[in-house]
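my_file-v2.tsv (TSV, C-alpha atoms)
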chain	number	residue	atom	x	y	z
B	10	MET	CA	51.73	36.60	110.09
B	11	THR	CA	48.26	37.86	110.89
B	12	SER	CA	49.37	40.01	113.78
B	13	LEU	CA	52.13	42.35	114.71
B	14	THR	CA	54.14	41.85	117.89
B	15	LEU	CA	56.75	44.24	119.27
B	16	VAL	CA	58.78	43.88	122.47
B	17	ARG	CA	60.47	46.80	124.24
B	18	ARG	CA	62.53	47.17	127.39
B	19	ILE	CA	61.83	50.36	129.27
B	20	LYS	CA	63.85	51.71	132.21
B	21	ALA	CA	60.81	52.45	134.35
B	22	ARG	CA	58.76	50.32	136.72
B	23	PRO	CA	55.60	48.61	135.33
B	24	SER	CA	53.17	50.88	137.25
B	25	ILE	CA	54.72	53.98	135.64
B	26	VAL	CA	54.61	52.38	132.17
B	27	PHE	CA	51.01	51.34	132.77
B	28	ASP	CA	50.01	54.91	133.69
B	29	ALA	CA	51.85	56.26	130.66
B	30	LEU	CA	49.82	53.87	128.51
B	31	THR	CA	46.43	54.64	130.00
B	32	THR	CA	46.21	58.19	131.39
B	33	PRO	CA	45.19	61.04	129.05
B	34	GLU	CA	48.27	62.96	130.24
B	35	GLY	CA	50.56	60.05	129.32
B	36	ILE	CA	48.85	59.28	126.01
B	37	ALA	CA	49.20	62.91	124.92
B	38	CYS	CA	52.98	62.55	125.17
B	39	TRP	CA	53.59	59.53	122.95
B	40	TRP	CA	50.68	58.53	120.72
B	41	GLY	CA	51.32	58.75	116.98
B	42	PRO	CA	53.62	57.51	114.21
B	43	ASP	CA	55.78	60.64	113.99
B	44	GLY	CA	56.58	63.72	116.09
B	45	GLY	CA	53.21	65.38	115.41
B	46	PRO	CA	51.00	66.55	118.31
B	47	VAL	CA	48.17	64.72	120.05
B	48	LEU	CA	45.07	66.92	119.80
B	49	VAL	CA	42.59	64.93	121.87
B	50	ALA	CA	43.33	62.26	124.45
B	51	GLU	CA	40.43	60.68	126.30
B	52	SER	CA	40.79	57.50	128.28
B	53	ASP	CA	38.71	55.66	130.84
B	54	PRO	CA	40.90	52.65	131.64
B	55	GLN	CA	38.44	50.20	133.13
B	56	VAL	CA	36.78	47.17	131.56
B	57	GLY	CA	34.06	48.55	129.29
B	58	GLY	CA	35.56	52.05	129.41
B	59	ARG	CA	36.64	53.75	126.17
B	60	PHE	CA	39.55	55.68	124.73
B	61	ARG	CA	39.65	58.19	121.90
B	62	VAL	CA	42.82	59.80	120.61
B	63	ARG	CA	43.17	62.32	117.81
B	64	PHE	CA	46.59	63.29	116.50
B	65	ARG	CA	48.10	65.40	113.74
B	66	MET	CA	50.98	64.07	111.71
B	67	LEU	CA	53.88	66.20	110.51
B	68	ASP	CA	52.37	66.23	107.01
B	69	GLY	CA	49.32	68.00	108.50
B	70	SER	CA	46.90	65.07	108.19
B	71	GLU	CA	44.75	64.30	111.23
B	72	HIS	CA	43.78	60.83	112.37
B	73	GLU	CA	41.65	59.49	115.17
B	74	SER	CA	41.45	56.07	116.71
B	75	SER	CA	39.14	54.86	119.41
B	76	GLY	CA	38.09	51.68	121.11
B	77	GLU	CA	37.01	49.93	124.25
B	78	TYR	CA	39.13	48.53	127.07
B	79	LEU	CA	38.53	44.78	127.27
B	80	GLU	CA	41.05	43.92	129.95
B	81	VAL	CA	42.65	46.27	132.47
B	82	VAL	CA	44.88	44.68	135.10
B	83	LYS	CA	47.29	47.25	136.49
B	84	PRO	CA	50.25	47.04	136.15
B	85	GLU	CA	50.52	43.96	133.97
B	86	ARG	CA	47.85	43.55	131.30
B	87	LEU	CA	45.84	45.78	129.02
B	88	SER	CA	43.79	44.95	125.97
B	89	MET	CA	41.49	47.04	123.90
B	90	SER	CA	39.58	47.06	120.66
B	91	TRP	CA	40.81	49.54	118.06
B	92	ARG	CA	39.15	51.33	115.19
B	93	TRP	CA	40.23	54.23	112.97
B	94	THR	CA	37.49	56.83	112.76
B	95	GLY	CA	36.26	56.99	109.18
B	96	GLY	CA	38.61	54.20	108.14
B	97	GLU	CA	37.64	51.12	106.17
B	98	ASP	CA	39.96	48.94	108.21
B	99	GLY	CA	37.35	47.49	110.55
B	100	GLU	CA	38.09	46.63	114.12
B	101	SER	CA	41.34	45.25	115.43
B	102	LEU	CA	42.63	44.13	118.81
B	103	VAL	CA	45.55	45.50	120.83
B	104	GLU	CA	47.01	43.44	123.68
B	105	ILE	CA	49.74	44.77	125.95
B	106	ARG	CA	51.66	42.80	128.58
B	107	LEU	CA	54.07	44.35	131.08
B	108	ARG	CA	56.61	42.23	132.91
B	109	ALA	CA	58.91	43.50	135.66
B	110	VAL	CA	62.56	42.91	134.77
B	111	ALA	CA	65.77	44.01	136.51
B	112	GLU	CA	66.14	47.18	134.42
B	113	GLY	CA	62.44	48.09	134.64
B	114	THR	CA	59.72	46.73	132.37
B	115	GLU	CA	59.51	44.47	129.37
B	116	LEU	CA	56.54	45.53	127.27
B	117	THR	CA	55.02	43.20	124.68
B	118	ILE	CA	52.39	44.58	122.35
B	119	THR	CA	50.36	42.57	119.84
B	120	HIS	CA	48.12	44.27	117.32
B	121	SER	CA	45.97	41.78	115.46
B	122	ARG	CA	43.22	41.89	112.93
B	123	LEU	CA	39.90	40.47	113.87
B	124	HIS	CA	38.73	38.28	111.03
B	125	ASP	CA	35.10	38.95	110.34
B	126	GLU	CA	34.03	35.42	111.20
B	127	ASP	CA	36.35	35.27	114.20
B	128	SER	CA	35.50	38.74	115.43
B	129	ARG	CA	32.65	37.81	117.69
B	130	ARG	CA	34.49	34.81	119.12
B	131	SER	CA	37.62	36.84	119.82
B	132	HIS	CA	35.56	39.41	121.62
B	133	GLU	CA	33.96	36.74	123.74
B	134	GLN	CA	37.37	35.32	124.53
B	135	GLY	CA	38.56	38.79	125.39
B	136	TRP	CA	35.69	39.19	127.79
B	137	HIS	CA	36.17	35.77	129.32
B	138	GLY	CA	39.87	36.47	129.66
B	139	ALA	CA	39.03	39.70	131.43
B	140	LEU	CA	36.66	37.97	133.82
B	141	ASP	CA	39.10	35.14	134.56
B	142	LYS	CA	41.78	37.67	135.32
B	143	LEU	CA	39.50	39.75	137.48
B	144	GLU	CA	38.56	36.65	139.44
B	145	ARG	CA	42.21	35.68	139.94
B	146	HIS	CA	43.03	39.23	140.93
B	147	PHE	CA	40.18	39.22	143.41
B	148	LEU	CA	41.29	35.92	144.94
B	149	ALA	CA	44.86	37.16	145.23
B	150	THR	CA	43.66	40.32	146.95
B	151	GLU	CA	41.57	38.31	149.38
B	152	ARG	CA	44.54	36.15	150.25
B	153	SER	CA	46.76	39.08	150.99
B	154	PHE	CA	44.19	40.57	153.39
B	155	PRO	CA	43.09	37.59	155.48
S	20	MET	CA	32.63	44.47	94.78
S	21	VAL	CA	34.37	43.21	97.87
S	22	ASN	CA	35.69	46.12	99.92
S	23	TYR	CA	39.19	46.52	101.36
S	24	HIS	CA	38.16	45.40	104.83
S	25	GLU	CA	36.49	42.20	103.62
S	26	ARG	CA	39.38	41.45	101.30
S	27	LEU	CA	41.92	41.87	104.11
S	28	GLY	CA	39.77	39.67	106.33
S	29	ARG	CA	39.76	36.90	103.76
S	30	THR	CA	43.49	37.16	103.18
S	31	PHE	CA	44.31	36.98	106.87
S	32	SER	CA	41.87	34.12	107.49
S	33	ALA	CA	43.51	32.21	104.64
S	34	LEU	CA	46.97	32.92	106.05
S	35	VAL	CA	46.13	31.67	109.55
S	36	ASP	CA	46.49	28.02	108.54
S	37	PRO	CA	50.07	26.60	108.43
S	38	THR	CA	49.31	24.17	105.57
S	39	ARG	CA	48.02	27.04	103.42
S	40	ARG	CA	51.05	29.14	104.30
S	41	ALA	CA	53.32	26.24	103.28
S	42	ILE	CA	51.48	25.97	99.96
S	43	LEU	CA	51.91	29.71	99.32
S	44	ALA	CA	55.58	29.61	100.29
S	45	ARG	CA	56.17	26.80	97.82
S	46	LEU	CA	54.31	28.63	95.06
S	47	GLU	CA	56.44	31.67	95.75
S	48	ARG	CA	59.59	29.60	95.19
S	49	GLU	CA	58.40	27.56	92.22
S	50	LYS	CA	56.07	30.04	90.47
S	51	SER	CA	53.58	27.25	89.62
S	52	ALA	CA	52.91	23.65	90.57
S	53	SER	CA	50.37	20.95	89.84
S	54	VAL	CA	47.83	20.06	92.53
S	55	SER	CA	49.30	16.57	92.97
S	56	ALA	CA	52.81	17.98	93.32
S	57	LEU	CA	51.53	20.43	95.94
S	58	ALA	CA	49.79	17.65	97.88
S	59	GLN	CA	52.83	15.38	97.93
S	60	PRO	CA	54.79	16.73	100.95
S	61	PHE	CA	51.73	16.73	103.21
S	62	VAL	CA	50.44	13.81	105.28
S	63	ILE	CA	46.88	15.01	104.67
S	64	LYS	CA	44.92	13.51	101.77
S	65	LEU	CA	44.36	15.09	98.39
S	66	PRO	CA	40.75	16.15	99.09
S	67	ALA	CA	41.94	18.07	102.16
S	68	VAL	CA	44.56	19.82	100.07
S	69	MET	CA	41.86	20.65	97.51
S	70	LYS	CA	39.83	22.25	100.29
S	71	HIS	CA	42.79	24.44	101.29
S	72	LEU	CA	43.21	25.43	97.65
S	73	ASP	CA	39.53	26.47	97.54
S	74	VAL	CA	40.08	28.77	100.51
S	75	LEU	CA	43.18	30.28	98.89
S	76	ASP	CA	41.30	30.70	95.62
S	77	ASP	CA	38.34	32.42	97.37
S	78	ALA	CA	40.78	34.84	98.98
S	79	GLY	CA	42.28	35.59	95.57
S	80	LEU	CA	45.67	34.29	96.65
S	81	ILE	CA	46.02	31.70	93.87
S	82	THR	CA	44.74	31.03	90.38
S	83	ARG	CA	44.09	27.56	89.02
S	84	THR	CA	44.29	26.64	85.36
S	85	LYS	CA	43.32	23.33	83.90
S	86	VAL	CA	45.21	21.92	80.94
S	87	GLY	CA	44.01	18.45	80.00
S	88	ARG	CA	43.83	16.52	83.24
S	89	THR	CA	46.39	18.59	85.09
S	90	VAL	CA	45.40	21.53	87.28
S	91	THR	CA	48.22	24.03	87.65
S	92	VAL	CA	48.26	26.42	90.60
S	93	GLN	CA	49.89	29.85	90.58
S	94	LEU	CA	50.41	32.47	93.24
S	95	ARG	CA	48.63	35.85	93.07
S	96	PRO	CA	50.79	38.08	95.27
S	97	GLU	CA	48.60	41.24	95.35
S	98	PRO	CA	46.44	40.31	98.38
S	99	ILE	CA	49.52	39.30	100.38
S	100	ARG	CA	51.16	42.60	99.54
S	101	GLU	CA	48.05	44.40	100.75
S	102	ALA	CA	48.08	42.39	104.00
S	103	MET	CA	51.78	43.09	104.56
S	104	ASP	CA	51.11	46.81	104.01
S	105	TRP	CA	48.47	46.64	106.73
S	106	LEU	CA	50.96	45.08	109.15
S	107	ARG	CA	53.71	47.52	108.18
S	108	ARG	CA	51.49	50.53	108.85
S	109	TYR	CA	50.82	49.35	112.40
S	110	GLU	CA	54.46	48.42	112.86
S	111	ARG	CA	55.43	51.99	112.02
S	112	PHE	CA	52.73	53.41	114.27
S	113	TRP	CA	53.69	51.33	117.31
S	114	SER	CA	57.40	51.42	116.80
S	115	MET	CA	57.48	55.24	116.80
S	116	SER	CA	54.87	55.50	119.55
S	117	LEU	CA	56.75	53.09	121.81
S	118	ASP	CA	59.98	55.06	121.40
S	119	ARG	CA	58.20	58.12	122.75
S	120	LEU	CA	56.34	56.12	125.40
S	121	ALA	CA	59.68	54.76	126.67
S	122	ALA	CA	61.20	58.25	126.81
S	123	TYR	CA	58.16	59.59	128.69
S	124	ALA	CA	58.03	56.70	131.20
S	125	GLU	CA	61.78	56.85	131.81
S	126	GLY	CA	61.46	60.58	132.56
S	127	LYS	CA	58.68	59.84	135.06
S	128	GLU	CA	60.77	57.11	136.69
S	129	ALA	CA	63.67	59.55	137.12
S	130	GLU	CA	61.30	62.11	138.71
S	131	VAL	CA	60.00	59.54	141.22
S	132	ARG	CA	63.52	58.52	142.18
S	133	LYS	CA	64.61	62.11	142.66
S	134	LYS	CA	61.64	62.79	144.97
S	135	ARG	CA	62.45	59.77	147.10
S	136	ARG	CA	66.05	60.80	147.64

Written as structure tokens, that's how I'd like the structure from this file.
Amino acid sequence: MTSLTLVRRIKARPSIVFDALTTPEGIACWWGPDGGPVLVAESDPQVGGRFRVRFRMLDGSEHESSGEYLEVVKPERLSMSWRWTGGEDGESLVEIRLRAVAEGTELTITHSRLHDEDSRRSHEQGWHGALDKLERHFLATERSFP
Amino acid sequence: MVNYHERLGRTFSALVDPTRRAILARLEREKSASVSALAQPFVIKLPAVMKHLDVLDDAGLITRTKVGRTVTVQLRPEPIREAMDWLRRYERFWSMSLDRLAAYAEGKEAEVRKKRR
């Protein structure tokens, strides 16, 4: 009830979906709630890197959101903080999971509010999650190259 | 005055707890209920229920009126509506964005397959 979760099946492999989600070229092709154009797409998909996307809606209004990547594990996990420029919404958290399925990729996205008092804790958890994952990734890589 | 962001934060914090959600759901069905009637279905004690009601009251989600020795609780739906609007806005944003993301990624997948052939 305090977050939004959507699940999609996409007929493309996870690495392609991951690039579509994170490269400026990909972002420019899909970001926004209607068919309006993306005007600016900046993205540095690494932990601590930032994104900034500005788009125009069909009614002519322009909006910009930006944030920081908290977890980047290609091609399966991505999370980032999210803030509307000039908005009074405060910061929220976007978490994306990609799972390989027979037809391609199952994408799960959760967009949740950070409660003021929980905000700091969530961020810490995000960071710890990122580090845990990085560690696991590192160990897996080591194992595959003995 | 509490701003929109703080208000939303309080609403969502209040809604995180399942006991509080159950209380709100019941108030939505029954319009109003006494504190003791609200406490009845729960295994937790009355003081714990009172604490949940304080949180809901602070978030502006309920009003309490005292008549004699009975406290009656009523739902205030405005903050919930505001919170649902917040969720709906993001639902619209992501739902439309993901449609286009899927189309873009599927186009890329087709390109890669063509090249490999």

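The nearest approach to His71 (chain S) among the residues S:Ile42, S:Val90, S:Met103, S:Ala129, with only C-alpha atoms taken into account, belongs to S:Ile42.
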
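The coordinates place CA of Leu15 (chain B) at 8.1 Å from CA of Leu116 (chain B).
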
Report as a PyMOL selection string the set of chain S residues whose atoms approach chain B to within 10 Å, with distances computed over only C-alpha atoms.
chain S and resi 22-25+27-35+40+102-103+105-129+131

Counting all atoms listed in the file, the residue among S:Lys133, S:Lys64, S:Lys70, S:Lys50 that lies closest to Thr91 (chain S) is S:Lys50

From S:Thr84, S:Phe61, S:Ala78, S:Glu49, residue lying nearest Glu97 (chain S) [all atoms listed in the file]:
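Between S:Thr84, S:Phe61, S:Ala78, S:Glu49, the residue approaching Glu97 (chain S) most closely is S:Ala78.
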
So how far away is CA of Leu65 (chain S) from CA of Pro96 (chain S), in Å?
24.1 Å

Scan for residues within 10 Å of the point (41.9, 48.8, 120.8) in the coordinates of the file, using all atoms listed in the file, and reply as a ChimeraX atom specification.
/B:59-61,74-79,87-93,100-104,120-121

Provide the CA of Thr38 (chain S) to CA of Val68 (chain S) distance in Å, to one decimal place.
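The value is 8.5 Å.
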
List as a VMD selection string the protein and nucleic acid residues near Arg45 (chain S), meaning an atom at most 9 Å away when only C-alpha atoms are counted, but skip any in the same chain fewer than 6 places from it.
chain S and resid 51 to 52 57

Once you have the residues from the selection above, write them out as a PDB file, keeping the file's coordinate frame, restricted to C-alpha atoms.
ATOM      1  CA  SER S  51      53.580  27.250  89.620  1.00  0.00           C
ATOM      2  CA  ALA S  52      52.910  23.650  90.570  1.00  0.00           C
ATOM      3  CA  LEU S  57      51.530  20.430  95.940  1.00  0.00           C
TER       4      LEU S  57
END

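Comparing the minimum interatomic distances between Leu46 (chain S) and each of S:Leu94, S:Arg26, S:Pro66, S:Asp73, counting all atoms listed in the file, we find that S:Leu94 sits nearest.
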
Rank nothing, just name the residue among B:Glu80, B:Leu107, B:Gly45, B:Glu73 nearest to Gly57 (chain B), using only C-alpha atoms.
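Among B:Glu80, B:Leu107, B:Gly45, B:Glu73, it is B:Glu80 that comes nearest to Gly57 (chain B).
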
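Of the listed residues (B:Val62, B:Leu67, B:Val110, B:Ile105), B:Ile105 comes nearest to Val81 (chain B); the distances count all atoms listed in the file.
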
Per-axis box centre and lengths in Å around region 12-24 of chain B, 8 Å margin per side, axis-aligned, as AutoDock Vina command-line options:
--center_x 56.6 --center_y 46.2 --center_z 125.5 --size_x 30.5 --size_y 28.4 --size_z 39.5
